[in-house]
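Participant: One structure, pasted below without further comment.
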Amino acid sequence: MSTTSTLIGTMLRPGDPGFDAERRGFQAARAHRPDLVVAAATAADVQAAVHHARDRGFALAVQSSGHGLAAPLEGGMLISTRRMREVTVDPATRCARVEAGARWADVVAAASPHGLAPLSGSSPGVGVVGYLLGGGFGLLGRTFGFAADRVRRVEGVAPSGEAVTLDRPPAGGTVVTAVEIELVELAGIWGGSLAVEVTPAVLDGWAAWSADLPEQVTTGISLVPFADDPTLPPPFRGRHIAMITLAATVDAAELVRPLRELGPVIHEHLGWLPAAESHAIHHDPTEPEPYAGDARLLRTLDRDALRAIPALTGPSAPVPSVVEVRRLGGAYGRGRTVPASAREAGYLVRTVTVLDGPDETAARALHEDLFRPFAADDLGRAWTFCYGLSRTTD
């Protein structure tokens, strides 16, 4: 076996300044514990690191933003790509070349001056490559489909250390160094959120309203338990709030009228906004925090199972958790590079528990209880939202 490979780039070992910051990501509940971190700045750095890991039999992991960390690395080598954030947009071809450490905010900023936008998700801080490898359930997914289907070219390093070029996201083993993705013409989005208190009528009403939506509209409902905290605005304090989110390529003002009749509106912010401000629709957290999450793809949405969620996850529940139900269908059903379960699903149900009180065992038990009533329609896990679970989990 060859042992002549030479590392390039910045190398950090336990105890070195910056080592801990480099191995940690957005998921604060767990972190990689490698023997060596290679802070890559170029594709050549990545290739040298893969060669080195192969020659010495090191376990290998890659991290950019660290949002979806499942199984932390113990020992071995971590390649950090967070310095590789260059984005180049070609407005003539409506494509962007994106380096492996880029976040969606980087792509949005580069594309928006040209009236273009990527098929990004709700959080601008999520890493582009990890999102694409998970399929890419985007803000406008019912209209444009999975982001993974817009990948035109992947540059990477195979496990052998060879530089490779692919025409779709790799199934595994290849370390991605850059991707070329198609952009869409999109200057603005009609959307935002509307908040009402969680009630059976609200849950049934959203489910009925979302069932026959046109493809131009993507929607979800998030059930958010708010603590009885005096620092929170009084309308939210100690209540279980349903945040209905929408993103559309058409003016949906008339379409959303029935939502205001579901109950007293606590907060509403709907209308046209620049594509560059699409992150304002969901207001995802921007600072690292410890959390556990699980998600299931459902063929249809069982109303009885939906109505059972508040008792399990509300502010007074033993393990308060956020639950989001997304309407899929539309262009999602025409996906090409994702598993059949994702194409066939009509809904996605996901839950996230912040681990600042309950331990992870209690959170996982709650998640199992939450999904059990949906079993008849369950098509499998949506792994991109399974935080802290590896694919060996079942």
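Going by the structure tokens order, chains are called A, B, ..., each with residues numbered from 1, while ligands are numbered from 1 in the order shown.
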For Thr219 (chain A), list every protein, DNA or RNA residue within 12 Å, evaluated using only C-alpha atoms, and leave out those in the same chain fewer than 6 positions away; present the list as a PyMOL selection string.

Facilitator: chain A and resi 122+137-143+190-194+206-207+209-213+243-248+252+255-256+259+281-282+324-330+347-348

Participant: Would you save the residues from that selection as a compact mmCIF listing (two decimals), in the first residue's frame, using N, CA and C atoms?

Facilitator:
```
# COMPACT_ATOMS: atom_id res chain seq x y z
N SER A 122 -35.55 26.58 3.13
CA SER A 122 -36.03 27.64 4.01
C SER A 122 -34.91 28.39 4.72
N PHE A 137 -35.77 19.62 -0.88
CA PHE A 137 -37.17 20.02 -0.75
C PHE A 137 -37.20 21.53 -0.61
N GLY A 138 -37.48 22.24 -1.70
CA GLY A 138 -37.30 23.67 -1.72
C GLY A 138 -38.52 24.48 -1.37
N LEU A 139 -38.31 25.79 -1.23
CA LEU A 139 -39.41 26.72 -0.96
C LEU A 139 -40.49 26.64 -2.02
N LEU A 140 -40.09 26.40 -3.27
CA LEU A 140 -41.03 26.34 -4.39
C LEU A 140 -41.00 24.95 -5.03
N GLY A 141 -40.90 23.94 -4.19
CA GLY A 141 -40.75 22.58 -4.69
C GLY A 141 -41.93 22.07 -5.49
N ARG A 142 -43.14 22.46 -5.14
CA ARG A 142 -44.31 22.01 -5.91
C ARG A 142 -44.30 22.59 -7.31
N THR A 143 -43.62 23.73 -7.47
CA THR A 143 -43.56 24.38 -8.78
C THR A 143 -42.39 23.88 -9.62
N TRP A 190 -44.38 35.44 -4.04
CA TRP A 190 -45.54 35.85 -3.24
C TRP A 190 -45.64 34.84 -2.10
N GLY A 191 -45.51 35.33 -0.89
CA GLY A 191 -45.56 34.38 0.21
C GLY A 191 -45.35 35.04 1.55
N GLY A 192 -45.06 34.20 2.53
CA GLY A 192 -44.89 34.66 3.89
C GLY A 192 -45.55 33.68 4.84
N SER A 193 -46.07 34.21 5.94
CA SER A 193 -46.68 33.33 6.94
C SER A 193 -47.89 33.97 7.58
N LEU A 194 -48.73 33.11 8.12
CA LEU A 194 -49.95 33.51 8.81
C LEU A 194 -50.04 32.64 10.05
N TRP A 206 -56.54 23.53 7.19
CA TRP A 206 -55.34 23.60 6.35
C TRP A 206 -55.23 22.36 5.47
N ALA A 207 -55.51 21.19 6.04
CA ALA A 207 -55.42 19.95 5.27
C ALA A 207 -56.37 19.97 4.08
N TRP A 209 -57.70 22.71 2.66
CA TRP A 209 -57.31 23.80 1.77
C TRP A 209 -56.12 23.43 0.90
N SER A 210 -55.15 22.73 1.48
CA SER A 210 -53.92 22.42 0.76
C SER A 210 -54.07 21.24 -0.21
N ALA A 211 -55.14 20.48 -0.08
CA ALA A 211 -55.27 19.24 -0.86
C ALA A 211 -55.29 19.49 -2.36
N ASP A 212 -55.91 20.58 -2.80
CA ASP A 212 -56.10 20.82 -4.24
C ASP A 212 -55.42 22.09 -4.72
N LEU A 213 -54.32 22.43 -4.11
CA LEU A 213 -53.62 23.66 -4.51
C LEU A 213 -53.01 23.52 -5.90
N MET A 243 -48.13 28.05 12.41
CA MET A 243 -47.55 28.99 11.45
C MET A 243 -47.76 28.39 10.06
N ILE A 244 -48.66 28.97 9.30
CA ILE A 244 -48.92 28.50 7.94
C ILE A 244 -48.02 29.30 7.00
N THR A 245 -47.19 28.60 6.25
CA THR A 245 -46.25 29.26 5.35
C THR A 245 -46.65 29.00 3.90
N LEU A 246 -46.37 29.98 3.06
CA LEU A 246 -46.66 29.88 1.64
C LEU A 246 -45.53 30.48 0.83
N ALA A 247 -45.28 29.89 -0.32
CA ALA A 247 -44.37 30.46 -1.30
C ALA A 247 -44.96 30.17 -2.67
N ALA A 248 -45.17 31.20 -3.47
CA ALA A 248 -45.85 31.04 -4.74
C ALA A 248 -45.20 31.89 -5.81
N ALA A 252 -51.23 35.05 -4.75
CA ALA A 252 -52.14 34.11 -4.11
C ALA A 252 -53.04 34.77 -3.08
N LEU A 255 -56.43 33.28 -2.99
CA LEU A 255 -56.36 31.87 -2.62
C LEU A 255 -56.26 31.67 -1.11
N VAL A 256 -55.63 32.61 -0.40
CA VAL A 256 -55.41 32.42 1.03
C VAL A 256 -56.57 32.93 1.89
N LEU A 259 -57.95 30.78 4.73
CA LEU A 259 -57.10 30.54 5.89
C LEU A 259 -57.41 31.51 7.02
N ILE A 281 -39.61 33.94 4.91
CA ILE A 281 -40.86 33.19 4.96
C ILE A 281 -40.89 32.27 6.18
N HIS A 282 -39.79 31.58 6.46
CA HIS A 282 -39.76 30.59 7.54
C HIS A 282 -39.06 31.06 8.81
N GLU A 324 -43.75 20.06 11.63
CA GLU A 324 -44.12 20.70 10.38
C GLU A 324 -44.72 19.67 9.44
N VAL A 325 -45.82 20.02 8.79
CA VAL A 325 -46.41 19.20 7.74
C VAL A 325 -46.30 19.99 6.44
N ARG A 326 -45.68 19.39 5.44
CA ARG A 326 -45.53 20.05 4.14
C ARG A 326 -46.37 19.34 3.10
N ARG A 327 -47.02 20.12 2.27
CA ARG A 327 -47.73 19.57 1.12
C ARG A 327 -46.72 19.35 0.01
N LEU A 328 -46.63 18.13 -0.46
CA LEU A 328 -45.74 17.81 -1.58
C LEU A 328 -46.57 17.71 -2.85
N GLY A 329 -46.33 16.71 -3.69
CA GLY A 329 -47.07 16.61 -4.94
C GLY A 329 -46.60 17.62 -5.95
N GLY A 330 -47.40 17.90 -6.95
CA GLY A 330 -47.01 18.84 -7.99
C GLY A 330 -45.77 18.35 -8.71
N TYR A 347 -47.29 14.19 1.17
CA TYR A 347 -47.00 15.04 2.33
C TYR A 347 -45.68 14.60 2.97
N LEU A 348 -45.10 15.51 3.68
CA LEU A 348 -43.94 15.24 4.52
C LEU A 348 -44.26 15.74 5.92
```

Participant: Could I get the residues of region 239-312 of chain A with an atom no further than 7 Å from an atom of region 25-39 of chain A, each paired with its nearest atom pair and that distance in Å to one decimal, using only C-alpha atoms, sorted by chain and residue number, as CSV?

Facilitator:
```
residue,atom,partner,partner_atom,distance
A:Pro288,CA,A:Phe26,CA,4.3
A:Glu289,CA,A:Ala28,CA,4.9
A:Pro290,CA,A:Ala29,CA,4.0
A:Tyr291,CA,A:Ala29,CA,6.0
```

Participant: Using DSSP secondary structure from the backbone, list all alpha helix (DSSP H) positions within region 33-81 of chain A, as number ranges by chain.

Facilitator: A: 43-56

Participant: May I have the selected residues written with C-alpha atoms, as a PDB file, in the first residue's frame?

Facilitator:
```pdb
ATOM      1  CA  ALA A  43     -10.151  20.945  -4.689  1.00  0.00           C
ATOM      2  CA  ALA A  44      -6.473  19.998  -4.614  1.00  0.00           C
ATOM      3  CA  ASP A  45      -6.560  20.132  -0.797  1.00  0.00           C
ATOM      4  CA  VAL A  46      -9.531  17.749  -0.813  1.00  0.00           C
ATOM      5  CA  GLN A  47      -7.858  15.352  -3.239  1.00  0.00           C
ATOM      6  CA  ALA A  48      -4.671  15.243  -1.177  1.00  0.00           C
ATOM      7  CA  ALA A  49      -6.718  14.592   1.974  1.00  0.00           C
ATOM      8  CA  VAL A  50      -8.633  11.715   0.363  1.00  0.00           C
ATOM      9  CA  HIS A  51      -5.363  10.173  -0.844  1.00  0.00           C
ATOM     10  CA  HIS A  52      -3.916  10.502   2.643  1.00  0.00           C
ATOM     11  CA  ALA A  53      -6.947   8.922   4.317  1.00  0.00           C
ATOM     12  CA  ARG A  54      -6.975   6.062   1.806  1.00  0.00           C
ATOM     13  CA  ASP A  55      -3.265   5.316   2.149  1.00  0.00           C
ATOM     14  CA  ARG A  56      -3.442   5.201   5.941  1.00  0.00           C
TER      15      ARG A  56
END
```

Participant: Would you list the contacts of region 262-268 of chain A as a PyMOL selection string, taking every protein, DNA or RNA residue within 8 Å and counting only C-alpha atoms, but skipping same-chain residues closer than 4 positions in sequence?

Facilitator: chain A and resi 192-197+201-202+205+235+258

Participant: Have a look at A:Pro113, A:Asp167, A:Ala292, A:Ile79 and name the one nearest to Leu355 (chain A); count only C-alpha atoms.

Facilitator: A:Ala292

Participant: Can I get the residues of region 232-264 of chain A within 7 Å of region 296-318 of chain A, each with the closest pair of atoms and their distance in Å to one decimal, using only C-alpha atoms, sorted chain first then ascending number, as CSV?

Facilitator:
```
residue,atom,partner,partner_atom,distance
A:Gly238,CA,A:Pro315,CA,6.6
A:Arg239,CA,A:Pro315,CA,6.6
A:His240,CA,A:Gly314,CA,5.8
```

Participant: Mind dumping the selected residues with C-alpha atoms as a PDB file, in the first residue's frame?

Facilitator:
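Once everything was written out, this is selection-v4.pdb:
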```pdb
ATOM      1  CA  GLY A 238     -47.531  30.012  26.465  1.00  0.00           C
ATOM      2  CA  ARG A 239     -49.556  29.109  23.386  1.00  0.00           C
ATOM      3  CA  HIS A 240     -49.416  26.475  20.657  1.00  0.00           C
TER       4      HIS A 240
END
```

Participant: With DSSP run on the backbone, what are the strand (DSSP E or B) residues within region 40-276 of chain A? I'd like them as a compact mmCIF listing (two decimals) with N, CA and C atoms, in the first residue's frame.

Facilitator:
```
# COMPACT_ATOMS: atom_id res chain seq x y z
N LEU A 60 -13.15 8.62 7.24
CA LEU A 60 -13.19 9.95 6.63
C LEU A 60 -14.60 10.52 6.70
N ALA A 61 -14.71 11.78 7.04
CA ALA A 61 -15.98 12.49 7.01
C ALA A 61 -15.75 13.87 6.41
N VAL A 62 -16.83 14.47 5.92
CA VAL A 62 -16.77 15.79 5.29
C VAL A 62 -17.83 16.67 5.93
N GLN A 63 -17.51 17.93 6.16
CA GLN A 63 -18.49 18.84 6.76
C GLN A 63 -18.34 20.24 6.17
N GLU A 74 -15.46 9.36 14.88
CA GLU A 74 -14.61 9.11 16.04
C GLU A 74 -13.22 8.74 15.52
N MET A 77 -10.13 11.25 9.94
CA MET A 77 -9.91 12.57 9.35
C MET A 77 -11.23 13.24 8.97
N LEU A 78 -11.33 14.50 9.32
CA LEU A 78 -12.45 15.33 8.91
C LEU A 78 -11.96 16.34 7.88
N ILE A 79 -12.61 16.37 6.72
CA ILE A 79 -12.34 17.41 5.72
C ILE A 79 -13.39 18.50 5.90
N SER A 80 -12.94 19.67 6.26
CA SER A 80 -13.83 20.82 6.39
C SER A 80 -13.77 21.64 5.10
N VAL A 87 -18.86 31.20 -5.65
CA VAL A 87 -20.04 30.98 -6.50
C VAL A 87 -19.88 31.84 -7.75
N THR A 88 -20.02 31.21 -8.90
CA THR A 88 -19.93 31.93 -10.18
C THR A 88 -21.21 31.70 -10.96
N VAL A 89 -21.87 32.77 -11.35
CA VAL A 89 -23.14 32.68 -12.08
C VAL A 89 -22.93 33.06 -13.54
N ASP A 90 -23.47 32.25 -14.43
CA ASP A 90 -23.48 32.55 -15.86
C ASP A 90 -24.92 32.87 -16.24
N CYS A 95 -26.98 29.20 -15.08
CA CYS A 95 -26.35 28.17 -14.25
C CYS A 95 -25.37 28.84 -13.27
N ALA A 96 -25.11 28.12 -12.20
CA ALA A 96 -24.13 28.57 -11.22
C ALA A 96 -23.19 27.43 -10.88
N ARG A 97 -21.90 27.76 -10.81
CA ARG A 97 -20.92 26.80 -10.29
C ARG A 97 -20.69 27.16 -8.83
N VAL A 98 -20.88 26.18 -7.97
CA VAL A 98 -20.88 26.42 -6.53
C VAL A 98 -19.87 25.51 -5.85
N GLU A 99 -18.93 26.09 -5.11
CA GLU A 99 -17.96 25.27 -4.41
C GLU A 99 -18.60 24.57 -3.21
N ARG A 103 -22.93 28.18 1.19
CA ARG A 103 -24.27 28.12 1.77
C ARG A 103 -25.24 28.71 0.74
N LEU A 116 -32.29 35.83 -11.20
CA LEU A 116 -32.26 34.37 -11.12
C LEU A 116 -32.26 33.93 -9.66
N ALA A 117 -32.62 32.67 -9.43
CA ALA A 117 -32.63 32.14 -8.07
C ALA A 117 -32.38 30.64 -8.10
N GLY A 127 -25.78 24.26 3.99
CA GLY A 127 -24.81 24.01 2.94
C GLY A 127 -25.46 23.48 1.67
N VAL A 151 -29.15 19.60 -10.95
CA VAL A 151 -27.69 19.46 -10.95
C VAL A 151 -27.24 19.05 -12.34
N ARG A 152 -26.36 19.83 -12.94
CA ARG A 152 -25.86 19.51 -14.28
C ARG A 152 -24.49 18.85 -14.26
N ARG A 153 -23.73 19.12 -13.21
CA ARG A 153 -22.35 18.62 -13.18
C ARG A 153 -21.88 18.58 -11.73
N VAL A 154 -21.18 17.52 -11.39
CA VAL A 154 -20.59 17.40 -10.06
C VAL A 154 -19.09 17.16 -10.22
N GLU A 155 -18.30 17.96 -9.56
CA GLU A 155 -16.86 17.75 -9.50
C GLU A 155 -16.53 17.16 -8.13
N GLY A 156 -15.72 16.11 -8.12
CA GLY A 156 -15.43 15.49 -6.84
C GLY A 156 -14.19 14.63 -6.86
N VAL A 157 -14.00 13.96 -5.74
CA VAL A 157 -12.86 13.06 -5.58
C VAL A 157 -13.42 11.70 -5.16
N ALA A 163 -9.75 12.36 -9.25
CA ALA A 163 -10.70 13.43 -9.55
C ALA A 163 -11.71 12.93 -10.56
N VAL A 164 -13.01 13.17 -10.31
CA VAL A 164 -14.06 12.66 -11.18
C VAL A 164 -15.04 13.79 -11.49
N THR A 165 -15.75 13.61 -12.59
CA THR A 165 -16.84 14.50 -12.98
C THR A 165 -18.07 13.65 -13.23
N LEU A 166 -19.19 14.02 -12.62
CA LEU A 166 -20.43 13.27 -12.73
C LEU A 166 -21.54 14.19 -13.23
N VAL A 175 -16.31 12.51 -2.54
CA VAL A 175 -16.30 13.81 -1.86
C VAL A 175 -16.51 14.89 -2.91
N VAL A 176 -17.59 15.63 -2.79
CA VAL A 176 -17.91 16.67 -3.76
C VAL A 176 -17.06 17.90 -3.49
N THR A 177 -16.49 18.45 -4.56
CA THR A 177 -15.71 19.69 -4.44
C THR A 177 -16.42 20.90 -5.06
N ALA A 178 -17.32 20.65 -6.00
CA ALA A 178 -18.10 21.73 -6.61
C ALA A 178 -19.27 21.12 -7.37
N VAL A 179 -20.33 21.91 -7.55
CA VAL A 179 -21.47 21.49 -8.35
C VAL A 179 -21.84 22.61 -9.31
N GLU A 180 -22.38 22.22 -10.44
CA GLU A 180 -22.98 23.18 -11.36
C GLU A 180 -24.48 22.93 -11.36
N ILE A 181 -25.26 23.97 -11.05
CA ILE A 181 -26.71 23.80 -10.93
C ILE A 181 -27.44 24.78 -11.82
N GLU A 182 -28.61 24.37 -12.27
CA GLU A 182 -29.48 25.26 -13.03
C GLU A 182 -30.20 26.21 -12.07
N VAL A 184 -33.37 29.32 -11.82
CA VAL A 184 -34.66 29.63 -12.44
C VAL A 184 -34.82 31.15 -12.49
N GLU A 185 -35.58 31.61 -13.48
CA GLU A 185 -35.90 33.03 -13.56
C GLU A 185 -36.92 33.36 -12.48
N GLY A 188 -39.18 37.60 -7.82
CA GLY A 188 -39.89 37.73 -6.56
C GLY A 188 -40.74 36.52 -6.25
N ILE A 189 -41.15 36.42 -4.99
CA ILE A 189 -42.01 35.34 -4.51
C ILE A 189 -43.18 35.96 -3.78
N TRP A 190 -44.38 35.44 -4.04
CA TRP A 190 -45.54 35.85 -3.24
C TRP A 190 -45.64 34.84 -2.10
N GLY A 191 -45.51 35.33 -0.89
CA GLY A 191 -45.56 34.38 0.21
C GLY A 191 -45.35 35.04 1.55
N GLY A 192 -45.06 34.20 2.53
CA GLY A 192 -44.89 34.66 3.89
C GLY A 192 -45.55 33.68 4.84
N SER A 193 -46.07 34.21 5.94
CA SER A 193 -46.68 33.33 6.94
C SER A 193 -47.89 33.97 7.58
N LEU A 194 -48.73 33.11 8.12
CA LEU A 194 -49.95 33.51 8.81
C LEU A 194 -50.04 32.64 10.05
N ALA A 195 -50.23 33.27 11.22
CA ALA A 195 -50.23 32.53 12.48
C ALA A 195 -51.60 32.55 13.13
N VAL A 196 -52.05 31.36 13.54
CA VAL A 196 -53.29 31.19 14.30
C VAL A 196 -53.01 30.18 15.41
N GLU A 197 -53.86 30.16 16.42
CA GLU A 197 -53.67 29.17 17.48
C GLU A 197 -54.06 27.78 16.97
N VAL A 217 -48.14 26.98 -5.99
CA VAL A 217 -48.14 27.30 -4.56
C VAL A 217 -47.57 26.13 -3.77
N THR A 218 -46.59 26.43 -2.92
CA THR A 218 -46.02 25.46 -1.98
C THR A 218 -46.35 25.92 -0.57
N THR A 219 -46.80 25.01 0.27
CA THR A 219 -47.24 25.40 1.61
C THR A 219 -46.89 24.35 2.65
N GLY A 220 -46.87 24.81 3.89
CA GLY A 220 -46.68 23.93 5.03
C GLY A 220 -47.34 24.55 6.24
N ILE A 221 -47.52 23.74 7.28
CA ILE A 221 -48.04 24.25 8.55
C ILE A 221 -47.12 23.74 9.65
N SER A 222 -46.58 24.65 10.43
CA SER A 222 -45.69 24.31 11.54
C SER A 222 -46.41 24.56 12.86
N LEU A 223 -46.44 23.56 13.71
CA LEU A 223 -47.06 23.67 15.03
C LEU A 223 -45.95 23.95 16.04
N VAL A 224 -45.94 25.16 16.55
CA VAL A 224 -44.82 25.64 17.36
C VAL A 224 -45.28 25.90 18.79
N PRO A 225 -44.73 25.17 19.78
CA PRO A 225 -45.08 25.44 21.18
C PRO A 225 -44.23 26.57 21.74
N HIS A 240 -49.81 27.37 21.74
CA HIS A 240 -49.42 26.48 20.66
C HIS A 240 -49.88 27.14 19.36
N ILE A 241 -48.93 27.55 18.55
CA ILE A 241 -49.23 28.38 17.39
C ILE A 241 -49.02 27.60 16.10
N ALA A 242 -49.96 27.72 15.19
CA ALA A 242 -49.84 27.15 13.85
C ALA A 242 -49.35 28.24 12.91
N MET A 243 -48.13 28.05 12.41
CA MET A 243 -47.55 28.99 11.45
C MET A 243 -47.76 28.39 10.06
N ILE A 244 -48.66 28.97 9.30
CA ILE A 244 -48.92 28.50 7.94
C ILE A 244 -48.02 29.30 7.00
N THR A 245 -47.19 28.60 6.25
CA THR A 245 -46.25 29.26 5.35
C THR A 245 -46.65 29.00 3.90
N LEU A 246 -46.37 29.98 3.06
CA LEU A 246 -46.66 29.88 1.64
C LEU A 246 -45.53 30.48 0.83
N ALA A 247 -45.28 29.89 -0.32
CA ALA A 247 -44.37 30.46 -1.30
C ALA A 247 -44.96 30.17 -2.67
N ALA A 248 -45.17 31.20 -3.47
CA ALA A 248 -45.85 31.04 -4.74
C ALA A 248 -45.20 31.89 -5.81
N VAL A 265 -56.57 35.55 13.63
CA VAL A 265 -55.20 35.66 13.12
C VAL A 265 -54.34 36.40 14.14
N ILE A 266 -53.27 35.76 14.59
CA ILE A 266 -52.36 36.35 15.57
C ILE A 266 -51.31 37.20 14.89
N HIS A 267 -50.88 36.76 13.73
CA HIS A 267 -49.84 37.47 13.00
C HIS A 267 -49.99 37.13 11.52
N GLU A 268 -49.76 38.10 10.65
CA GLU A 268 -49.80 37.83 9.21
C GLU A 268 -48.78 38.70 8.51
N HIS A 269 -48.01 38.06 7.65
CA HIS A 269 -47.07 38.79 6.78
C HIS A 269 -47.04 38.06 5.45
N LEU A 270 -47.87 38.51 4.53
CA LEU A 270 -48.02 37.88 3.23
C LEU A 270 -47.95 38.93 2.13
N GLY A 271 -47.34 38.60 1.04
CA GLY A 271 -47.26 39.51 -0.09
C GLY A 271 -46.04 39.21 -0.93
N TRP A 272 -45.75 40.12 -1.85
CA TRP A 272 -44.58 39.95 -2.71
C TRP A 272 -43.31 40.34 -1.97
N LEU A 273 -42.28 39.57 -2.14
CA LEU A 273 -40.98 39.91 -1.59
C LEU A 273 -39.91 39.49 -2.59
N PRO A 274 -38.77 40.19 -2.60
CA PRO A 274 -37.70 39.81 -3.53
C PRO A 274 -37.23 38.39 -3.25
```

Participant: Which value, in Å to one decimal, gives the distance between CA of Gly57 (chain A) and CA of Leu69 (chain A)?

Facilitator: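 For CA of Gly57 (chain A) relative to CA of Leu69 (chain A), the distance reads 22.3 Å.
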
Participant: Just give me the gap between CA of Gly333 (chain A) and CA of Gly145 (chain A) in Å, one decimal is fine.

Facilitator: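 Rounded to one decimal, the two atoms are 7.6 Å apart.
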